[in-house]
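To be precise, the following lines are run-v2.pdb, and they hold PDB, C-alpha atoms.
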ATOM      1  CA  MET A 257      -1.109 -13.636   5.623
ATOM      2  CA  SER A 258       0.043 -12.875   9.133
ATOM      3  CA  VAL A 259      -1.103 -14.792  12.203
ATOM      4  CA  GLN A 260      -2.990 -11.702  13.367
ATOM      5  CA  GLU A 261      -4.849 -11.401  10.043
ATOM      6  CA  ARG A 262      -5.769 -15.069  10.159
ATOM      7  CA  LYS A 263      -7.091 -14.740  13.730
ATOM      8  CA  GLU A 264      -9.128 -11.688  12.770
ATOM      9  CA  ARG A 265     -10.586 -13.512   9.774
ATOM     10  CA  GLU A 266     -11.452 -16.531  11.932
ATOM     11  CA  ARG A 267     -13.059 -14.264  14.540
ATOM     12  CA  ALA A 268     -15.143 -12.536  11.879
ATOM     13  CA  GLY A 269     -16.181 -15.927  10.508
ATOM     14  CA  ARG A 270     -17.289 -17.105  13.963
ATOM     15  CA  GLU A 271     -19.242 -13.898  14.437
ATOM     16  CA  ARG A 272     -21.028 -14.349  11.081
ATOM     17  CA  LEU A 273     -21.811 -17.951  12.033
ATOM     18  CA  ILE A 274     -23.288 -16.884  15.379
ATOM     19  CA  VAL A 275     -25.483 -14.235  13.736
ATOM     20  CA  ALA A 276     -26.601 -16.540  10.911
ATOM     21  CA  THR A 277     -27.425 -19.327  13.353
ATOM     22  CA  ALA A 278     -29.337 -16.987  15.670
ATOM     23  CA  ARG A 279     -31.288 -15.636  12.733
ATOM     24  CA  GLU A 280     -32.078 -19.105  11.415
ATOM     25  CA  LEU A 281     -33.203 -20.323  14.831
ATOM     26  CA  ALA A 282     -35.334 -17.210  15.374
ATOM     27  CA  GLU A 283     -36.991 -17.561  11.967
ATOM     28  CA  GLN A 284     -37.740 -21.241  12.641
ATOM     29  CA  GLN A 285     -38.794 -21.121  16.303
ATOM     30  CA  GLY A 286     -38.999 -17.473  17.382
ATOM     31  CA  TRP A 287     -36.624 -15.328  19.400
ATOM     32  CA  ASP A 288     -37.513 -17.080  22.671
ATOM     33  CA  ALA A 289     -35.742 -20.158  21.291
ATOM     34  CA  VAL A 290     -32.511 -18.208  20.789
ATOM     35  CA  THR A 291     -30.339 -18.735  23.847
ATOM     36  CA  THR A 292     -26.580 -18.725  24.161
ATOM     37  CA  ARG A 293     -26.739 -22.353  25.209
ATOM     38  CA  ARG A 294     -28.677 -23.413  22.103
ATOM     39  CA  LEU A 295     -26.473 -21.292  19.865
ATOM     40  CA  ALA A 296     -23.340 -22.802  21.378
ATOM     41  CA  GLU A 297     -24.702 -26.301  20.766
ATOM     42  CA  ARG A 298     -25.675 -25.533  17.175
ATOM     43  CA  ILE A 299     -22.407 -23.921  16.161
ATOM     44  CA  GLU A 300     -20.321 -26.294  18.261
ATOM     45  CA  TYR A 301     -18.497 -23.630  20.238
ATOM     46  CA  SER A 302     -18.593 -23.074  23.964
ATOM     47  CA  GLN A 303     -20.741 -20.399  25.551
ATOM     48  CA  PRO A 304     -17.615 -18.424  26.560
ATOM     49  CA  VAL A 305     -16.691 -18.236  22.857
ATOM     50  CA  LEU A 306     -20.097 -16.697  22.135
ATOM     51  CA  TYR A 307     -19.628 -14.240  24.982
ATOM     52  CA  SER A 308     -16.246 -13.264  23.560
ATOM     53  CA  HIS A 309     -18.166 -11.980  20.508
ATOM     54  CA  PHE A 310     -21.437 -10.772  22.038
ATOM     55  CA  ARG A 311     -22.228  -9.840  25.625
ATOM     56  CA  GLY A 312     -25.593 -11.533  25.343
ATOM     57  CA  LYS A 313     -28.740 -12.096  23.354
ATOM     58  CA  ARG A 314     -29.506  -8.390  23.049
ATOM     59  CA  GLU A 315     -26.261  -7.783  21.153
ATOM     60  CA  ILE A 316     -26.965 -10.756  18.910
ATOM     61  CA  ILE A 317     -30.409  -9.326  18.162
ATOM     62  CA  GLY A 318     -28.682  -6.019  17.382
ATOM     63  CA  ALA A 319     -26.332  -7.722  14.936
ATOM     64  CA  VAL A 320     -29.283  -9.400  13.207
ATOM     65  CA  ALA A 321     -31.061  -6.025  13.110
ATOM     66  CA  LEU A 322     -28.096  -4.347  11.414
ATOM     67  CA  GLN A 323     -27.912  -7.119   8.849
ATOM     68  CA  GLY A 324     -31.661  -6.865   8.333
ATOM     69  CA  ALA A 325     -31.522  -3.080   7.904
ATOM     70  CA  SER A 326     -29.114  -3.518   5.008
ATOM     71  CA  GLU A 327     -31.406  -6.120   3.469
ATOM     72  CA  LEU A 328     -34.478  -3.934   3.967
ATOM     73  CA  ALA A 329     -32.745  -0.996   2.260
ATOM     74  CA  ALA A 330     -31.796  -3.221  -0.667
ATOM     75  CA  ALA A 331     -35.332  -4.655  -0.903
ATOM     76  CA  VAL A 332     -36.933  -1.208  -0.929
ATOM     77  CA  ARG A 333     -34.497   0.110  -3.530
ATOM     78  CA  ALA A 334     -34.985  -2.951  -5.712
ATOM     79  CA  ALA A 335     -38.767  -2.645  -5.464
ATOM     80  CA  THR A 336     -38.771   1.016  -6.459
ATOM     81  CA  ALA A 337     -36.059   0.845  -9.144
ATOM     82  CA  ALA A 338     -38.288  -0.473 -11.911
ATOM     83  CA  ALA A 339     -41.340   1.609 -11.020
ATOM     84  CA  ASP A 340     -42.245   4.415 -13.394
ATOM     85  CA  GLY A 341     -43.471   7.637 -11.828
ATOM     86  CA  PRO A 342     -43.993   8.785  -8.240
ATOM     87  CA  ARG A 343     -47.232   6.870  -7.604
ATOM     88  CA  ALA A 344     -45.820   3.607  -8.890
ATOM     89  CA  ARG A 345     -42.624   4.103  -6.856
ATOM     90  CA  VAL A 346     -44.512   4.783  -3.613
ATOM     91  CA  ALA A 347     -46.788   1.769  -4.174
ATOM     92  CA  ALA A 348     -43.748  -0.392  -4.980
ATOM     93  CA  LEU A 349     -42.004   0.868  -1.837
ATOM     94  CA  ALA A 350     -45.035  -0.057   0.284
ATOM     95  CA  ARG A 351     -45.306  -3.511  -1.255
ATOM     96  CA  GLY A 352     -41.557  -4.116  -1.000
ATOM     97  CA  TYR A 353     -41.529  -3.085   2.664
ATOM     98  CA  LEU A 354     -44.529  -5.243   3.558
ATOM     99  CA  ASP A 355     -43.144  -8.196   1.598
ATOM    100  CA  PHE A 356     -39.848  -7.895   3.475
ATOM    101  CA  ALA A 357     -41.655  -7.828   6.828
ATOM    102  CA  GLU A 358     -43.737 -10.872   5.897
ATOM    103  CA  ARG A 359     -40.809 -12.929   4.535
ATOM    104  CA  ASN A 360     -38.458 -12.086   7.433
ATOM    105  CA  PRO A 361     -40.534 -11.917  10.620
ATOM    106  CA  ALA A 362     -37.670 -12.584  13.034
ATOM    107  CA  VAL A 363     -35.436 -10.023  11.335
ATOM    108  CA  TYR A 364     -38.289  -7.514  11.312
ATOM    109  CA  ASP A 365     -38.789  -8.116  15.032
ATOM    110  CA  ALA A 366     -35.070  -7.636  15.647
ATOM    111  CA  LEU A 367     -35.224  -4.336  13.778
ATOM    112  CA  PHE A 368     -38.409  -2.848  15.190
ATOM    113  CA  GLN A 369     -39.949  -4.869  18.013
ATOM    114  CA  LEU A 370     -37.229  -6.253  20.274
ATOM    115  CA  SER A 371     -34.691  -4.538  22.465
ATOM    116  CA  ASN A 372     -31.529  -4.589  20.391
ATOM    117  CA  GLY A 373     -29.395  -1.949  22.084
ATOM    118  CA  LEU A 374     -29.116   0.147  18.925
ATOM    119  CA  PRO A 375     -29.750   3.903  18.887
ATOM    120  CA  TYR A 376     -32.390   4.992  16.376
ATOM    121  CA  ALA A 377     -32.854   8.518  15.018
ATOM    122  CA  GLN A 378     -29.771   9.826  16.805
ATOM    123  CA  GLU A 379     -26.372  11.109  15.829
ATOM    124  CA  ASP A 380     -24.739   7.751  16.657
ATOM    125  CA  THR A 381     -27.290   5.625  14.796
ATOM    126  CA  PRO A 382     -25.385   2.884  12.934
ATOM    127  CA  GLU A 383     -25.056   3.343   9.172
ATOM    128  CA  PRO A 384     -27.220   0.341   8.169
ATOM    129  CA  LEU A 385     -30.164   1.832  10.098
ATOM    130  CA  LYS A 386     -29.576   5.258   8.575
ATOM    131  CA  ASP A 387     -29.390   3.691   5.129
ATOM    132  CA  ALA A 388     -32.679   1.818   5.597
ATOM    133  CA  PHE A 389     -34.384   5.092   6.465
ATOM    134  CA  ALA A 390     -32.608   6.800   3.554
ATOM    135  CA  ALA A 391     -34.002   4.153   1.193
ATOM    136  CA  LEU A 392     -37.509   5.160   2.289
ATOM    137  CA  LEU A 393     -36.706   8.866   2.154
ATOM    138  CA  GLU A 394     -35.296   8.645  -1.372
ATOM    139  CA  CYS A 395     -38.700   7.671  -2.681
ATOM    140  CA  LEU A 396     -41.026   9.395  -0.227
ATOM    141  CA  GLY A 397     -39.144  12.688  -0.077
ATOM    142  CA  GLU A 398     -40.179  13.450  -3.637
ATOM    143  CA  VAL A 399     -43.892  13.239  -2.771
ATOM    144  CA  ALA A 400     -43.880  14.902   0.654
ATOM    145  CA  GLY A 401     -45.462  18.046  -0.737
ATOM    146  CA  ASP A 402     -44.785  21.734  -0.404
ATOM    147  CA  GLY A 403     -44.038  22.904   3.102
ATOM    148  CA  VAL A 404     -43.784  19.349   4.451
ATOM    149  CA  GLU A 405     -40.465  18.256   5.909
ATOM    150  CA  PRO A 406     -39.524  15.090   3.919
ATOM    151  CA  GLY A 407     -38.089  13.300   6.956
ATOM    152  CA  LEU A 408     -41.270  13.763   8.994
ATOM    153  CA  TYR A 409     -43.401  12.691   6.057
ATOM    154  CA  THR A 410     -41.239   9.586   5.637
ATOM    155  CA  GLU A 411     -41.601   8.799   9.356
ATOM    156  CA  LEU A 412     -45.397   9.024   9.114
ATOM    157  CA  PHE A 413     -45.553   6.816   6.016
ATOM    158  CA  TRP A 414     -43.142   4.333   7.604
ATOM    159  CA  ALA A 415     -45.237   4.249  10.781
ATOM    160  CA  SER A 416     -48.270   3.407   8.653
ATOM    161  CA  LEU A 417     -46.420   0.580   6.908
ATOM    162  CA  HIS A 418     -45.140  -0.699  10.246
ATOM    163  CA  GLY A 419     -48.685  -0.696  11.602
ATOM    164  CA  ILE A 420     -49.977  -2.640   8.617
ATOM    165  CA  ALA A 421     -47.104  -5.143   8.873
ATOM    166  CA  THR A 422     -47.406  -5.776  12.608
ATOM    167  CA  LEU A 423     -51.199  -5.755  12.827
ATOM    168  CA  THR A 424     -51.536  -8.109   9.864
ATOM    169  CA  ARG A 425     -48.957 -10.500  11.276
ATOM    170  CA  ALA A 426     -50.681 -10.440  14.665
ATOM    171  CA  GLY A 427     -53.986 -11.385  13.033
ATOM    172  CA  ARG A 428     -55.604  -8.037  13.841
ATOM    173  CA  LEU A 429     -55.941  -7.100  10.167
ATOM    174  CA  PRO A 430     -57.019  -9.608   7.512
ATOM    175  CA  PRO A 431     -54.171 -10.286   5.054
ATOM    176  CA  LYS A 432     -56.576 -10.425   2.121
ATOM    177  CA  ASP A 433     -57.063  -6.639   2.380
ATOM    178  CA  THR A 434     -53.369  -5.687   2.336
ATOM    179  CA  GLU A 435     -53.412  -4.541  -1.274
ATOM    180  CA  GLN A 436     -56.408  -2.279  -0.574
ATOM    181  CA  ARG A 437     -54.543  -0.817   2.394
ATOM    182  CA  VAL A 438     -51.538  -0.097   0.176
ATOM    183  CA  GLU A 439     -53.766   1.613  -2.386
ATOM    184  CA  LEU A 440     -55.452   3.736   0.308
ATOM    185  CA  LEU A 441     -52.113   4.635   1.802
ATOM    186  CA  VAL A 442     -50.761   5.727  -1.579
ATOM    187  CA  ASP A 443     -53.963   7.549  -2.568
ATOM    188  CA  ARG A 444     -54.759   9.282   0.708
ATOM    189  CA  LEU A 445     -51.521   9.691   2.627
ATOM    190  CA  ALA A 446     -49.295  10.189  -0.386
ATOM    191  CA  GLY A 447     -52.043  11.986  -2.317
ATOM    192  CA  LEU A 448     -51.049  10.254  -5.533
TER     193      LEU A 448
END

Please render this file's structure as structure tokens.
Amino acid sequence: MSVQERKERERAGRERLIVATARELAEQQGWDAVTTRRLAERIEYSQPVLYSHFRGKREIIGAVALQGASELAAAVRAATAAADGPRARVAALARGYLDFAERNPAVYDALFQLSNGLPYAQEDTPEPLKDAFAALLECLGEVAGDGVEPGLYTELFWASLHGIATLTRAGRLPPKDTEQRVELLVDRLAGL
């Protein structure tokens, strides 16, 4: 291995450590607790080392969001893989999405609530974000209905799931009724 390859591998390792530490701190104490100073202390590197990887907290949030998008896509695909039939797949997608949001609140915030500097729904949208949407579209596109553009239908269904996830987490919707919401969403919006 050349010196250059070793340096690149070490740099990538530091970057993974920064992202993992930021994510861990955010999940434990919220994103307000994630500062470059605290990260530097936790990973035992100087703040300038952090800034050599990320220009600031926003870029770190973006890196967590990209990682989370890949995990969300995998979670949705895993949830729908074993389901038999369109209705079961859509219900499994909804449950998988909501479970992901509940289990990973800081990652979910990085993806959809916080400023992360990432372009969404544009030509230059990063692949992990495109893939997360594609994971939804793969299932929902098949039930969009005649004359309905599958991407728009997927956006509407996703917006509904996002609303359920964020309103439940904020205490505006009682968690005990989540399953009923999923059933209504599948029955009424998906018409299944």

Task: Which residue of A:Asp402, A:Leu392, A:Ala366, A:Phe310 approaches A:Ala334 most closely, using only C-alpha atoms - done: A:Leu392

For the structure shown, which residues end up in the PyMOL selection byres ((chain A and resi 333) around 12)? Put them as a PDB file with C-alpha atoms, keeping the file's coordinate frame, please?
ATOM      1  CA  SER A 326     -29.114  -3.518   5.008  1.00  0.00           C
ATOM      2  CA  GLU A 327     -31.406  -6.120   3.469  1.00  0.00           C
ATOM      3  CA  LEU A 328     -34.478  -3.934   3.967  1.00  0.00           C
ATOM      4  CA  ALA A 329     -32.745  -0.996   2.260  1.00  0.00           C
ATOM      5  CA  ALA A 330     -31.796  -3.221  -0.667  1.00  0.00           C
ATOM      6  CA  ALA A 331     -35.332  -4.655  -0.903  1.00  0.00           C
ATOM      7  CA  VAL A 332     -36.933  -1.208  -0.929  1.00  0.00           C
ATOM      8  CA  ALA A 334     -34.985  -2.951  -5.712  1.00  0.00           C
ATOM      9  CA  ALA A 335     -38.767  -2.645  -5.464  1.00  0.00           C
ATOM     10  CA  THR A 336     -38.771   1.016  -6.459  1.00  0.00           C
ATOM     11  CA  ALA A 337     -36.059   0.845  -9.144  1.00  0.00           C
ATOM     12  CA  ALA A 338     -38.288  -0.473 -11.911  1.00  0.00           C
ATOM     13  CA  ALA A 339     -41.340   1.609 -11.020  1.00  0.00           C
ATOM     14  CA  ARG A 345     -42.624   4.103  -6.856  1.00  0.00           C
ATOM     15  CA  VAL A 346     -44.512   4.783  -3.613  1.00  0.00           C
ATOM     16  CA  ALA A 348     -43.748  -0.392  -4.980  1.00  0.00           C
ATOM     17  CA  LEU A 349     -42.004   0.868  -1.837  1.00  0.00           C
ATOM     18  CA  ALA A 350     -45.035  -0.057   0.284  1.00  0.00           C
ATOM     19  CA  ARG A 351     -45.306  -3.511  -1.255  1.00  0.00           C
ATOM     20  CA  GLY A 352     -41.557  -4.116  -1.000  1.00  0.00           C
ATOM     21  CA  TYR A 353     -41.529  -3.085   2.664  1.00  0.00           C
ATOM     22  CA  PHE A 356     -39.848  -7.895   3.475  1.00  0.00           C
ATOM     23  CA  ASP A 387     -29.390   3.691   5.129  1.00  0.00           C
ATOM     24  CA  ALA A 388     -32.679   1.818   5.597  1.00  0.00           C
ATOM     25  CA  PHE A 389     -34.384   5.092   6.465  1.00  0.00           C
ATOM     26  CA  ALA A 390     -32.608   6.800   3.554  1.00  0.00           C
ATOM     27  CA  ALA A 391     -34.002   4.153   1.193  1.00  0.00           C
ATOM     28  CA  LEU A 392     -37.509   5.160   2.289  1.00  0.00           C
ATOM     29  CA  LEU A 393     -36.706   8.866   2.154  1.00  0.00           C
ATOM     30  CA  GLU A 394     -35.296   8.645  -1.372  1.00  0.00           C
ATOM     31  CA  CYS A 395     -38.700   7.671  -2.681  1.00  0.00           C
ATOM     32  CA  LEU A 396     -41.026   9.395  -0.227  1.00  0.00           C
TER      33      LEU A 396
END

TODO: Please write as a list of chain:residue names the full residue list that the PyMOL selection byres ((chain A and resi 342) around 8) yields on this file.
DONE: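 For this structure, the PyMOL selection byres ((chain A and resi 342) around 8) captures A:Asp340, A:Gly341, A:Arg343, A:Ala344, A:Arg345, A:Val346, A:Cys395, A:Glu398, A:Val399, A:Leu448.
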
TODO: Would you list the residues near (-39.1, -15.0, 20.7), meaning any protein, DNA or RNA residue with an atom at most 12 Å from that point in file coordinates, counting all atoms listed in the file, as a PyMOL selection string?
DONE: chain A and resi 278-279+281-291+313-314+317+361-363+365-366+369-371

- [ ] To one decimal in Å, tell me the separation between atom CA of A:Leu322 and atom CA of A:Leu385.
- [x]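 Taking atom CA of A:Leu322 as the start and atom CA of A:Leu385 as the end point, the length is 6.6 Å.
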
TODO: Enter the distance from atom CA of A:Val438 to atom CA of A:Ala347, in Å, rounded to one decimal.
DONE: 6.7 Å

Set out as a tab-separated table a contact list for stretch 292-405 of chain A and stretch 259-269 of chain A with a cut-off of 10 Å, giving each residue of stretch 292-405 of chain A that qualifies its closest atom pair and distance in Å to one decimal, counting all atoms listed in the file, ordered by chain and rising residue number.
residue	atom	partner	partner_atom	distance
A:Val305	CA	A:Arg267	CA	9.9
A:Ser308	CA	A:Arg267	CA	9.6
A:His309	CA	A:Arg267	CA	8.2

- [ ] To one decimal in Å, tell me the separation between atom CA of A:Leu429 and atom CA of A:Tyr376.
- [x]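 Here the two named atoms are 27.2 Å from each other.
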
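Using only C-alpha atoms, the shortest contact distance between A:Arg270 and any of A:Leu367, A:Met257, A:Ala321, A:Ala296 is found at A:Ala296.
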
Task: Nearby residues (only C-alpha atoms) at most 12 Å from A:Leu408, same-chain spacing under 2 positions excluded, as a VMD selection string - done: chain A and resid 377 389 392 to 393 396 to 397 400 to 401 403 to 406 410 to 415

Open item on the list: Let me make sure I understand: among A:Tyr409, A:Leu354, A:Asp443, A:Thr292, which one has the smallest atom-to-atom distance to A:Pro304 if we use all atoms listed in the file?
Closed with: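 Of A:Tyr409, A:Leu354, A:Asp443, A:Thr292, the one nearest A:Pro304 is A:Thr292, counting all atoms listed in the file.
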